[in-house]
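Chemist: Below is the file start_38.tsv, with TSV, C-alpha atoms.
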chain	number	residue	atom	x	y	z
A	1	MET	CA	215.59	116.97	13.92
A	2	ALA	CA	218.38	117.01	16.49
A	3	TRP	CA	220.71	118.84	14.13
A	4	ARG	CA	218.01	121.37	13.20
A	5	GLY	CA	217.26	121.99	16.89
A	6	TRP	CA	220.92	122.58	17.62
A	7	ALA	CA	221.25	125.05	14.76
A	8	GLN	CA	218.19	127.01	15.88
A	9	ARG	CA	218.77	126.99	19.65
A	10	GLY	CA	222.53	127.43	19.83
A	11	TRP	CA	223.66	131.00	20.39
A	12	GLY	CA	227.34	130.18	20.83
A	13	CYS	CA	229.71	127.40	19.99
A	14	GLY	CA	230.02	126.04	23.51
A	15	GLN	CA	230.93	122.41	24.15
A	16	ALA	CA	227.43	121.57	25.37
A	17	TRP	CA	225.93	122.18	21.92
A	18	ALA	CA	228.86	121.53	19.57
A	19	PRO	CA	229.09	117.98	18.21
A	20	GLN	CA	232.27	116.65	16.71
A	21	VAL	CA	232.43	116.96	12.91
A	22	GLY	CA	235.17	114.92	11.28
A	23	GLY	CA	237.15	114.89	14.51
A	24	ARG	CA	237.13	118.68	14.79
A	25	SER	CA	234.95	120.76	17.06
A	26	CYS	CA	232.75	123.61	15.94
A	27	GLU	CA	235.15	126.17	17.40
A	28	GLU	CA	238.00	124.72	15.36
A	29	LEU	CA	235.91	124.87	12.21
A	30	THR	CA	235.03	128.45	13.04
A	31	ALA	CA	238.64	129.46	13.39
A	32	ALA	CA	239.53	127.79	10.12
A	33	LEU	CA	236.66	129.09	7.99
A	34	ALA	CA	235.97	132.59	9.29
A	35	PRO	CA	237.93	135.72	8.19
A	36	PRO	CA	240.48	136.94	10.70
A	37	ARG	CA	238.54	140.08	11.60
A	38	LEU	CA	235.55	138.00	12.74
A	39	LEU	CA	237.37	135.77	15.18
A	40	GLY	CA	236.18	137.60	18.26
A	41	ARG	CA	233.65	135.98	20.63
A	42	ARG	CA	231.14	138.79	20.00
A	43	PHE	CA	230.68	137.58	16.38
A	44	ASN	CA	229.93	133.97	17.27
A	45	PHE	CA	226.26	134.35	16.33
A	46	PHE	CA	227.11	135.27	12.74
A	47	ILE	CA	229.83	132.65	12.49
A	48	GLN	CA	227.39	130.03	13.72
A	49	GLN	CA	225.26	130.51	10.60
A	50	LYS	CA	228.17	129.36	8.46
A	51	CYS	CA	229.11	126.59	10.83
A	52	GLY	CA	225.61	125.22	11.33
A	53	PHE	CA	223.53	123.16	8.97
A	54	ARG	CA	221.15	124.53	6.31
A	55	LYS	CA	217.65	125.41	7.48
A	56	ALA	CA	215.17	122.65	6.82
A	57	PRO	CA	212.61	123.43	4.07
A	58	ARG	CA	209.16	124.37	5.25
A	59	LYS	CA	206.56	121.67	4.91
A	60	VAL	CA	203.97	122.44	2.25
A	61	GLU	CA	200.47	122.20	3.66
A	62	PRO	CA	197.36	121.68	1.50
A	63	ARG	CA	195.29	124.75	0.72
A	64	ARG	CA	192.16	125.19	2.72
A	65	SER	CA	190.11	125.26	-0.47
A	66	ASP	CA	191.12	121.67	-1.24
A	67	THR	CA	190.11	120.28	2.12
A	68	GLY	CA	186.96	120.38	4.11
A	69	THR	CA	186.54	120.63	7.84
A	70	SER	CA	187.08	116.90	8.14
A	71	GLY	CA	190.50	117.12	6.45
A	72	THR	CA	189.59	114.96	3.46
A	73	ALA	CA	191.10	116.11	0.19
A	74	TYR	CA	188.91	117.58	-2.50
A	75	LYS	CA	188.81	115.32	-5.54
A	76	ARG	CA	188.31	117.01	-8.89
A	77	THR	CA	185.89	115.42	-11.34
A	78	ALA	CA	186.13	115.49	-15.11
A	79	LEU	CA	183.40	118.16	-15.29
A	80	ILE	CA	185.42	120.93	-13.62
A	81	PRO	CA	188.75	122.50	-14.60
A	82	PRO	CA	192.02	121.85	-12.72
A	83	VAL	CA	192.41	124.30	-9.85
A	84	GLU	CA	195.82	123.29	-8.49
A	85	GLU	CA	197.33	126.67	-9.36
A	86	THR	CA	194.48	128.70	-7.91
A	87	VAL	CA	194.51	129.85	-4.30
A	88	PHE	CA	191.18	130.22	-2.55
A	89	TYR	CA	190.57	132.08	0.69
A	90	PRO	CA	187.86	130.62	2.92
A	91	SER	CA	186.66	133.18	5.42
A	92	PRO	CA	187.25	132.53	9.14
A	93	TYR	CA	183.58	133.46	9.55
A	94	PRO	CA	181.87	131.35	6.84
A	95	ILE	CA	178.36	132.70	7.45
A	96	ARG	CA	179.50	136.22	6.56
A	97	THR	CA	180.53	135.07	3.09
A	98	LEU	CA	176.85	134.46	2.28
A	99	VAL	CA	175.75	138.06	2.93
A	100	LYS	CA	176.91	139.52	-0.41
A	101	PRO	CA	175.67	136.52	-2.45
A	102	LEU	CA	172.27	136.80	-0.74
A	103	PHE	CA	171.87	140.48	-1.62
A	104	PHE	CA	173.15	139.80	-5.13
A	105	THR	CA	170.63	136.98	-5.60
A	106	VAL	CA	167.68	139.11	-4.45
A	107	GLY	CA	168.80	142.16	-6.43
A	108	PHE	CA	169.57	140.29	-9.62
A	109	THR	CA	166.30	138.36	-9.53
A	110	GLY	CA	164.34	141.59	-9.13
A	111	CYS	CA	166.23	143.25	-11.98
A	112	ALA	CA	165.75	140.20	-14.21
A	113	PHE	CA	161.97	140.16	-13.81
A	114	GLY	CA	161.73	143.94	-14.05
A	115	SER	CA	163.72	143.93	-17.28
A	116	ALA	CA	161.58	141.10	-18.62
A	117	ALA	CA	158.40	143.09	-17.92
A	118	ILE	CA	159.78	146.11	-19.78
A	119	TRP	CA	160.97	143.88	-22.62
A	120	GLN	CA	157.49	142.40	-22.99
A	121	TYR	CA	155.98	145.89	-23.03
A	122	GLU	CA	158.32	147.00	-25.80
A	123	SER	CA	157.69	143.80	-27.74
A	124	LEU	CA	153.93	144.26	-27.64
A	125	LYS	CA	154.32	147.89	-28.67
A	126	SER	CA	156.38	147.03	-31.74
A	127	ARG	CA	154.42	143.94	-32.77
A	128	VAL	CA	151.99	145.85	-35.00
A	129	GLN	CA	154.81	147.61	-36.81
A	130	SER	CA	156.60	144.31	-37.25
A	131	TYR	CA	153.44	142.80	-38.72
A	132	PHE	CA	153.26	145.45	-41.44
A	133	ASP	CA	156.99	145.22	-42.05
A	134	GLY	CA	156.57	141.48	-42.55
A	135	ILE	CA	153.82	142.00	-45.11
A	136	LYS	CA	156.02	144.47	-46.99
A	137	ALA	CA	158.97	142.07	-46.93
A	138	ASP	CA	156.83	139.22	-48.31
A	139	TRP	CA	155.61	141.44	-51.13
A	140	LEU	CA	159.15	142.49	-52.04
A	141	ASP	CA	160.27	138.87	-52.05
A	142	SER	CA	157.44	138.00	-54.44
A	143	ILE	CA	158.51	140.58	-57.03
A	144	ARG	CA	162.27	140.27	-56.48
A	145	PRO	CA	164.08	137.68	-58.61
A	146	GLN	CA	165.10	134.74	-56.43
A	147	LYS	CA	168.63	133.37	-56.42
A	148	GLU	CA	169.16	129.64	-56.59
A	149	GLY	CA	171.13	128.20	-53.69
A	150	ASP	CA	171.20	131.45	-51.74
A	151	PHE	CA	172.88	130.59	-48.41
A	152	ARG	CA	171.27	133.51	-46.60
A	153	LYS	CA	167.87	132.40	-47.78
A	154	GLU	CA	168.45	128.91	-46.45
A	155	ILE	CA	169.48	130.31	-43.08
A	156	ASN	CA	166.37	132.47	-42.92
A	157	LYS	CA	164.22	129.51	-43.87
A	158	TRP	CA	165.78	127.37	-41.13
A	159	TRP	CA	165.36	130.16	-38.58
A	160	ASN	CA	161.72	130.74	-39.48
A	161	ASN	CA	160.96	127.04	-39.13
A	162	LEU	CA	162.13	127.05	-35.50
A	163	SER	CA	159.65	127.44	-32.68
A	164	ASP	CA	159.66	130.49	-30.44
A	165	GLY	CA	161.30	128.48	-27.69
A	166	GLN	CA	164.04	127.15	-29.95
A	167	ARG	CA	164.80	130.63	-31.25
A	168	THR	CA	164.98	131.88	-27.67
A	169	VAL	CA	167.48	129.28	-26.44
A	170	THR	CA	169.67	129.59	-29.55
A	171	GLY	CA	171.35	132.64	-28.03
A	172	ILE	CA	171.89	130.80	-24.73
A	173	ILE	CA	173.47	127.86	-26.53
A	174	ALA	CA	175.73	130.18	-28.53
A	175	ALA	CA	176.91	131.88	-25.33
A	176	ASN	CA	177.74	128.48	-23.79
A	177	VAL	CA	179.73	127.46	-26.87
A	178	ILE	CA	181.74	130.70	-26.79
A	179	VAL	CA	182.62	130.27	-23.11
A	180	PHE	CA	183.53	126.63	-23.75
A	181	CYS	CA	186.00	127.77	-26.42
A	182	LEU	CA	187.49	130.33	-24.03
A	183	TRP	CA	188.34	127.49	-21.64
A	184	ARG	CA	190.67	126.15	-24.35
A	185	VAL	CA	192.84	129.31	-24.29
A	186	PRO	CA	195.73	128.62	-21.87
A	187	SER	CA	196.36	132.28	-21.10
A	188	LEU	CA	192.77	132.70	-19.88
A	189	GLN	CA	192.75	129.80	-17.42
A	190	ARG	CA	193.16	131.91	-14.29
A	191	THR	CA	190.52	134.39	-15.41
A	192	MET	CA	188.09	131.63	-16.31
A	193	ILE	CA	188.57	129.86	-12.99
A	194	ARG	CA	188.11	133.10	-11.07
A	195	TYR	CA	185.02	134.44	-12.84
A	196	PHE	CA	183.40	131.42	-14.51
A	197	THR	CA	183.43	128.97	-11.59
A	198	SER	CA	181.38	129.56	-8.44
A	199	ASN	CA	183.02	128.87	-5.10
A	200	PRO	CA	182.29	130.48	-1.72
A	201	ALA	CA	186.01	130.21	-0.90
A	202	SER	CA	186.96	132.46	-3.81
A	203	LYS	CA	187.63	136.19	-3.53
A	204	VAL	CA	185.06	136.89	-6.26
A	205	LEU	CA	181.64	135.71	-5.05
A	206	CYS	CA	178.83	137.45	-6.91
A	207	SER	CA	179.56	137.63	-10.64
A	208	PRO	CA	180.51	133.91	-10.93
A	209	MET	CA	177.02	133.03	-9.70
A	210	LEU	CA	175.72	134.24	-13.08
A	211	LEU	CA	178.72	133.65	-15.36
A	212	SER	CA	179.18	130.03	-14.28
A	213	THR	CA	175.68	129.31	-15.60
A	214	PHE	CA	177.12	129.68	-19.12
A	215	SER	CA	180.38	127.87	-18.35
A	216	HIS	CA	181.27	124.26	-19.20
A	217	PHE	CA	184.73	122.70	-19.10
A	218	SER	CA	183.69	119.30	-20.47
A	219	LEU	CA	182.26	118.91	-23.97
A	220	LEU	CA	180.02	116.05	-22.85
A	221	HIS	CA	178.69	118.14	-19.96
A	222	MET	CA	177.83	121.04	-22.27
A	223	ALA	CA	176.31	118.80	-24.95
A	224	ALA	CA	174.02	117.03	-22.47
A	225	ASN	CA	172.85	120.28	-20.87
A	226	MET	CA	172.19	122.01	-24.17
A	227	TYR	CA	170.33	118.99	-25.52
A	228	VAL	CA	167.97	119.00	-22.52
A	229	LEU	CA	167.49	122.76	-22.82
A	230	TRP	CA	166.70	122.48	-26.53
A	231	SER	CA	164.26	119.62	-25.89
A	232	PHE	CA	162.26	121.53	-23.27
A	233	SER	CA	162.55	124.98	-24.87
A	234	SER	CA	159.27	124.88	-26.80
A	235	SER	CA	157.27	123.66	-23.80
A	236	ILE	CA	158.66	126.16	-21.30
A	237	VAL	CA	158.28	129.14	-23.64
A	238	ASN	CA	154.70	128.13	-24.41
A	239	ILE	CA	154.02	128.05	-20.65
A	240	LEU	CA	155.82	131.25	-19.61
A	241	GLY	CA	156.44	133.25	-22.74
A	242	GLN	CA	159.78	134.38	-24.13
A	243	GLU	CA	160.41	137.28	-21.75
A	244	GLN	CA	159.31	135.52	-18.57
A	245	PHE	CA	161.33	132.44	-19.51
A	246	MET	CA	164.54	134.47	-19.80
A	247	ALA	CA	163.94	136.04	-16.39
A	248	VAL	CA	163.27	132.63	-14.82
A	249	TYR	CA	166.30	131.01	-16.49
A	250	LEU	CA	168.80	133.68	-15.45
A	251	SER	CA	167.36	133.94	-11.95
A	252	ALA	CA	167.44	130.16	-11.60
A	253	GLY	CA	171.15	130.10	-12.40
A	254	VAL	CA	171.90	132.60	-9.63
A	255	ILE	CA	169.51	131.03	-7.10
A	256	SER	CA	170.85	127.51	-7.65
A	257	ASN	CA	174.39	128.76	-7.15
A	258	PHE	CA	173.37	130.47	-3.92
A	259	VAL	CA	171.91	127.20	-2.64
A	260	SER	CA	175.22	125.56	-3.57
A	261	TYR	CA	177.07	128.26	-1.59
A	262	VAL	CA	174.92	127.59	1.47
A	263	CYS	CA	175.54	123.84	1.28
A	264	LYS	CA	179.30	124.24	0.83
A	265	VAL	CA	179.58	126.66	3.74
A	266	ALA	CA	177.43	124.45	5.98
A	267	THR	CA	179.41	121.28	5.23
A	268	GLY	CA	182.85	122.80	4.67
A	269	ARG	CA	183.17	121.01	1.33
A	270	TYR	CA	184.60	123.87	-0.70
A	271	GLY	CA	185.23	123.44	-4.39
A	272	PRO	CA	184.45	125.10	-7.74
A	273	SER	CA	181.19	124.48	-9.59
A	274	LEU	CA	180.15	125.40	-13.10
A	275	GLY	CA	177.49	124.53	-15.64
A	276	ALA	CA	173.92	125.33	-16.61
A	277	SER	CA	172.48	122.32	-14.78
A	278	GLY	CA	170.87	124.38	-12.01
A	279	ALA	CA	168.98	126.61	-14.44
A	280	ILE	CA	168.06	123.65	-16.67
A	281	MET	CA	166.70	121.79	-13.65
A	282	THR	CA	164.38	124.75	-13.09
A	283	VAL	CA	163.12	124.47	-16.67
A	284	LEU	CA	162.68	120.71	-16.38
A	285	ALA	CA	160.90	120.97	-13.01
A	286	ALA	CA	158.56	123.70	-14.27
A	287	VAL	CA	157.52	121.65	-17.31
A	288	CYS	CA	157.11	118.46	-15.27
A	289	THR	CA	154.99	120.29	-12.71
A	290	LYS	CA	152.69	121.81	-15.33
A	291	ILE	CA	152.51	118.64	-17.46
A	292	PRO	CA	152.95	115.73	-15.00
A	293	GLU	CA	151.42	113.18	-17.41
A	294	GLY	CA	153.88	113.94	-20.20
A	295	ARG	CA	156.10	111.10	-21.37
A	296	LEU	CA	159.87	111.43	-21.07
A	297	ALA	CA	162.79	109.21	-22.00
A	298	ILE	CA	166.52	109.03	-21.25
A	299	ILE	CA	168.84	110.31	-23.99
A	300	PHE	CA	170.68	107.04	-24.64
A	301	LEU	CA	167.74	104.76	-23.74
A	302	PRO	CA	164.78	106.11	-25.73
A	303	MET	CA	162.93	102.78	-25.50
A	304	PHE	CA	162.26	103.30	-21.77
A	305	THR	CA	159.64	105.97	-21.11
A	306	PHE	CA	158.13	107.31	-17.90
A	307	THR	CA	155.87	110.13	-16.82
A	308	ALA	CA	157.20	113.59	-16.10
A	309	GLY	CA	155.82	113.46	-12.56
A	310	ASN	CA	157.74	110.28	-11.74
A	311	ALA	CA	160.89	111.70	-13.31
A	312	LEU	CA	160.63	114.80	-11.13
A	313	LYS	CA	160.26	112.71	-7.97
A	314	ALA	CA	163.29	110.61	-8.90
A	315	ILE	CA	165.40	113.71	-9.57
A	316	ILE	CA	164.50	115.25	-6.21
A	317	ALA	CA	165.25	111.99	-4.37
A	318	MET	CA	168.60	111.46	-6.10
A	319	ASP	CA	169.82	115.03	-5.56
A	320	THR	CA	168.72	115.00	-1.92
A	321	VAL	CA	170.65	111.78	-1.23
A	322	GLY	CA	173.66	113.07	-3.15
A	323	MET	CA	173.70	116.32	-1.19
A	324	ILE	CA	173.44	114.55	2.18
A	325	LEU	CA	176.08	111.93	1.39
A	326	GLY	CA	178.42	114.42	-0.23
A	327	TRP	CA	178.59	112.96	-3.73
A	328	LYS	CA	181.00	115.12	-5.72
A	329	PHE	CA	180.48	114.17	-9.34
A	330	PHE	CA	177.59	116.66	-9.63
A	331	ASP	CA	176.70	119.71	-7.59
A	332	HIS	CA	173.56	118.13	-6.15
A	333	ALA	CA	172.79	121.16	-3.98
A	334	ALA	CA	172.60	123.40	-7.07
A	335	HIS	CA	170.44	120.81	-8.87
A	336	LEU	CA	168.07	120.56	-5.93
A	337	GLY	CA	167.89	124.34	-5.55
A	338	GLY	CA	167.04	124.78	-9.23
A	339	THR	CA	164.42	122.02	-9.11
A	340	LEU	CA	162.67	123.44	-6.06
A	341	PHE	CA	162.72	126.95	-7.56
A	342	GLY	CA	161.09	125.67	-10.76
A	343	ILE	CA	158.33	123.91	-8.80
A	344	TRP	CA	157.73	126.96	-6.62
A	345	TYR	CA	157.65	129.42	-9.50
A	346	VAL	CA	155.04	127.69	-11.65
A	347	THR	CA	152.95	126.97	-8.55
A	348	TYR	CA	153.15	130.27	-6.65
A	349	GLY	CA	155.84	132.54	-8.10
A	350	HIS	CA	154.02	133.33	-11.33
A	351	GLU	CA	151.07	134.73	-9.38
A	352	LEU	CA	153.23	136.58	-6.86
A	353	ILE	CA	155.77	138.10	-9.25
A	354	TRP	CA	154.67	138.18	-12.86
A	355	LYS	CA	151.02	139.00	-12.25
A	356	ASN	CA	152.07	142.03	-10.17
A	357	ARG	CA	154.28	143.66	-12.79
A	358	GLU	CA	151.68	146.25	-13.83
A	359	PRO	CA	152.95	149.11	-11.56
A	360	LEU	CA	156.43	148.83	-13.05
A	361	VAL	CA	155.06	148.72	-16.60
A	362	LYS	CA	152.91	151.77	-15.91
A	363	ILE	CA	155.92	153.73	-14.61
A	364	TRP	CA	157.89	152.75	-17.70
A	365	HIS	CA	155.02	153.76	-19.97
A	366	GLU	CA	154.82	157.18	-18.33
A	367	MET	CA	158.55	157.65	-18.68
A	368	ARG	CA	158.41	156.75	-22.37
A	369	THR	CA	155.39	158.99	-22.98
A	370	ASN	CA	156.36	162.07	-20.97
A	371	GLY	CA	160.13	161.87	-21.20
A	372	PRO	CA	160.69	163.65	-24.56
A	373	ARG	CA	158.26	166.48	-23.72
A	374	LYS	CA	160.17	167.55	-20.61
A	375	GLY	CA	163.36	168.24	-22.54
A	376	GLY	CA	161.78	169.82	-25.63
A	377	GLY	CA	160.89	173.48	-26.19
A	378	SER	CA	157.83	175.11	-27.75
A	379	LYS	CA	157.55	175.27	-31.49
Can you turn what I pasted into structure tokens?
Modeler:
Amino acid sequence: MAWRGWAQRGWGCGQAWAPQVGGRSCEELTAALAPPRLLGRRFNFFIQQKCGFRKAPRKVEPRRSDTGTSGTAYKRTALIPPVEETVFYPSPYPIRTLVKPLFFTVGFTGCAFGSAAIWQYESLKSRVQSYFDGIKADWLDSIRPQKEGDFRKEINKWWNNLSDGQRTVTGIIAANVIVFCLWRVPSLQRTMIRYFTSNPASKVLCSPMLLSTFSHFSLLHMAANMYVLWSFSSSIVNILGQEQFMAVYLSAGVISNFVSYVCKVATGRYGPSLGASGAIMTVLAAVCTKIPEGRLAIIFLPMFTFTAGNALKAIIAMDTVGMILGWKFFDHAAHLGGTLFGIWYVTYGHELIWKNREPLVKIWHEMRTNGPRKGGGSK
């Protein structure tokens, strides 16, 4: 430190600041090493840079995204990807970072339920035509010679044997598998971390709230989530219907991530999150609220059963404790946000949102009915 201070503070090679090096003073070294045309006193500053010692390397400080307000390092779990090469930018005004995610959450939820209402309208409108098309297809199959071992026929048979809920979540599972495979492409790592992990310290805040719902880095994490979703798919679709379920599932993913944002900003524990657990917790909570006497079991311990109501209470208690104590293996804030949203929706949200979709459906019906006439001419 003494040598570095001398090299930075010394403007000349005076005796007060020039230590002896190998028995020779700094001025002697200057005269020996410098070109003849630079021997004047006015060039001492430039000569000093050659005479002095090399500038000490700057100390590398940890990124703000890896540390919280308390200074403790962020420890990555096996469920999230490595983020050592990614730089995050926490805002100096953390509350302001929640403004865009809040508007995105409200806007996306409204669009999801509005699209679901229109989707249901179109489905009901085409159901009669589909019924007659099905009768025609059955008649053609009866008179058409059947092929033995037809792979396409086996696929159609398997698909038709699935319940409405299982057919609905098949697309969700396929999307999760595709994103999981994209994580294995090395050249896409930065893009995946930026857009498929949610973190309030990232530059991209809104789109990861939805995309991270379909993102899993660990195979075990994805397999467990998809197994739970598949197990509860028939029950939740029977309760809500196909269209309403999709709106609830997508909205739950965004809402649970927003709750995670709020918790991370409030505690200063920044870090990436990903996975469908928040949305799946909404599905689980909705089913357990509607069917509290149903019997559930743990995946690897099927011999131990318990009621759905007791399971829901245990989940809420565990996630609450984990959020308060800062457990980092799971995103407990997102789990708790999804669970509370599922309970609220089946208790109050269905009446407040889905039952009041008629004005939107009426506007869509008028647009579909009167739209072609406005652009057409008289015949």
Chemist: Leaving out Phe104 in chain A and any residue of its chain fewer than 3 positions from it, which residues lie within 10 Å of it when counting only C-alpha atoms, given as a PyMOL selection string?
Modeler: chain A and resi 98-101+107-110+205-207+209+254-255+258
Chemist: Need to verify the contact set: Asn176 in chain A, 8 Å, only C-alpha atoms, exclusion of same-chain residues closer than 5 positions in sequence. Can you return it as a PyMOL selection string?
Modeler: chain A and resi 214-216+222
Chemist: Just the number, please: distance in Å from CA of Val169 in chain A to CA of Leu102 in chain A, one decimal.
Modeler: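 Taking CA of Val169 in chain A as the start and CA of Leu102 in chain A as the end point, the length is 27.2 Å.
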Chemist: Quote the spacing between CA of Thr282 in chain A and CA of Leu162 in chain A in Å to one decimal place.
Modeler: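 Value for the CA of Thr282 in chain A-CA of Leu162 in chain A distance: 22.6 Å.
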Chemist: One decimal, in Å: what's the spacing between CA of Tyr270 in chain A and CA of Ile324 in chain A?
Modeler: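 Those two atoms sit 14.8 Å apart.
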Chemist: Which residue is closest to Ala247 in chain A? Choose from A:Leu188, A:Asp319, A:Phe113, A:His335 and count all atoms listed in the file.
Modeler: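 For Ala247 in chain A, the nearest of the given residues is A:Phe113.
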Chemist: Give me the residues near Asn310 in chain A as number ranges by chain, where near means some atom within 12 Å (using all atoms listed in the file) and where sequence neighbours in that chain fewer than 2 positions away do not count.
Modeler: A: 285, 288-289, 291-297, 305-308, 312-317
Chemist: Store the residues picked out above in a file with C-alpha atoms, as a compact mmCIF listing (two decimals), in the coordinates of the input.
Modeler:
# COMPACT_ATOMS: atom_id res chain seq x y z
CA ALA A 285 160.90 120.97 -13.01
CA CYS A 288 157.11 118.46 -15.27
CA THR A 289 154.99 120.29 -12.71
CA ILE A 291 152.51 118.64 -17.46
CA PRO A 292 152.95 115.73 -15.00
CA GLU A 293 151.42 113.18 -17.41
CA GLY A 294 153.88 113.94 -20.20
CA ARG A 295 156.10 111.10 -21.37
CA LEU A 296 159.87 111.43 -21.07
CA ALA A 297 162.79 109.21 -22.00
CA THR A 305 159.64 105.97 -21.11
CA PHE A 306 158.13 107.31 -17.90
CA THR A 307 155.87 110.13 -16.82
CA ALA A 308 157.20 113.59 -16.10
CA LEU A 312 160.63 114.80 -11.13
CA LYS A 313 160.26 112.71 -7.97
CA ALA A 314 163.29 110.61 -8.90
CA ILE A 315 165.40 113.71 -9.57
CA ILE A 316 164.50 115.25 -6.21
CA ALA A 317 165.25 111.99 -4.37
Chemist: Which residues come within 7 Å of range 228-240 of chain A, counting all atoms listed in the file, excluding same-chain residues fewer than 5 positions away, as a ChimeraX atom specification?
Modeler: /A:163-166,169,245,280,283-284,287
Chemist: Take the residues that were just selected and, keeping C-alpha atoms, output them as a PDB file, in the frame of the given file.
Modeler:
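again.pdb, freshly written:
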ATOM      1  CA  SER A 163     159.650 127.440 -32.680  1.00  0.00           C
ATOM      2  CA  ASP A 164     159.660 130.490 -30.440  1.00  0.00           C
ATOM      3  CA  GLY A 165     161.300 128.480 -27.690  1.00  0.00           C
ATOM      4  CA  GLN A 166     164.040 127.150 -29.950  1.00  0.00           C
ATOM      5  CA  VAL A 169     167.480 129.280 -26.440  1.00  0.00           C
ATOM      6  CA  PHE A 245     161.330 132.440 -19.510  1.00  0.00           C
ATOM      7  CA  ILE A 280     168.060 123.650 -16.670  1.00  0.00           C
ATOM      8  CA  VAL A 283     163.120 124.470 -16.670  1.00  0.00           C
ATOM      9  CA  LEU A 284     162.680 120.710 -16.380  1.00  0.00           C
ATOM     10  CA  VAL A 287     157.520 121.650 -17.310  1.00  0.00           C
TER      11      VAL A 287
END
Chemist: For each of A:Ser273, A:Val265, A:Tyr121, A:Tyr249, take the minimum atom-to-atom distance to Phe330 in chain A, counting all atoms listed in the file, then give the residue where this is smallest.
Modeler: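 Closest to Phe330 in chain A, using all atoms listed in the file: A:Ser273.
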Chemist: Which residue, A:Thr197, A:Gln189, A:Gln120, A:Thr213, has the smallest gap to Ala252 in chain A when you use all atoms listed in the file?
Modeler: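 Comparing A:Thr197, A:Gln189, A:Gln120, A:Thr213 against Ala252 in chain A, the winner is A:Thr213.
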Chemist: Draw an axis-aligned box over all listed atoms of range 268-273 of chain A, pad each side with 6 Å, and write its centre and edge lengths in Å, one decimal, as AutoDock Vina command-line options.
Modeler:
--center_x 183.2 --center_y 123.1 --center_z -2.5 --size_x 16.0 --size_y 16.1 --size_z 26.3
Chemist: Dump range 233-255 of chain A with C-alpha atoms to a file, as a short mmCIF file (atom, residue, chain, number, x, y, z; two decimals), in the first residue's frame.
Modeler:
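Final file, out.cif:
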data_model
loop_
_atom_site.label_atom_id
_atom_site.label_comp_id
_atom_site.auth_asym_id
_atom_site.auth_seq_id
_atom_site.Cartn_x
_atom_site.Cartn_y
_atom_site.Cartn_z
CA SER A 233 -56.29 -31.71 -14.42
CA SER A 234 -59.56 -33.65 -14.59
CA SER A 235 -60.86 -32.20 -11.31
CA ILE A 236 -60.03 -28.57 -12.08
CA VAL A 237 -61.45 -28.70 -15.61
CA ASN A 238 -64.64 -30.29 -14.32
CA ILE A 239 -64.94 -27.42 -11.81
CA LEU A 240 -64.05 -24.50 -14.09
CA GLY A 241 -64.30 -25.73 -17.64
CA GLN A 242 -61.56 -25.80 -20.25
CA GLU A 243 -61.58 -22.11 -21.18
CA GLN A 244 -61.85 -20.75 -17.65
CA PHE A 245 -59.12 -23.12 -16.46
CA MET A 246 -56.66 -21.80 -19.06
CA ALA A 247 -57.39 -18.22 -18.02
CA VAL A 248 -56.91 -19.07 -14.34
CA TYR A 249 -53.71 -21.05 -14.97
CA LEU A 250 -51.99 -18.36 -17.06
CA SER A 251 -53.13 -15.57 -14.74
CA ALA A 252 -51.95 -17.54 -11.72
CA GLY A 253 -48.46 -17.82 -13.20
CA VAL A 254 -48.22 -14.05 -13.62
CA ILE A 255 -49.83 -13.22 -10.25
#
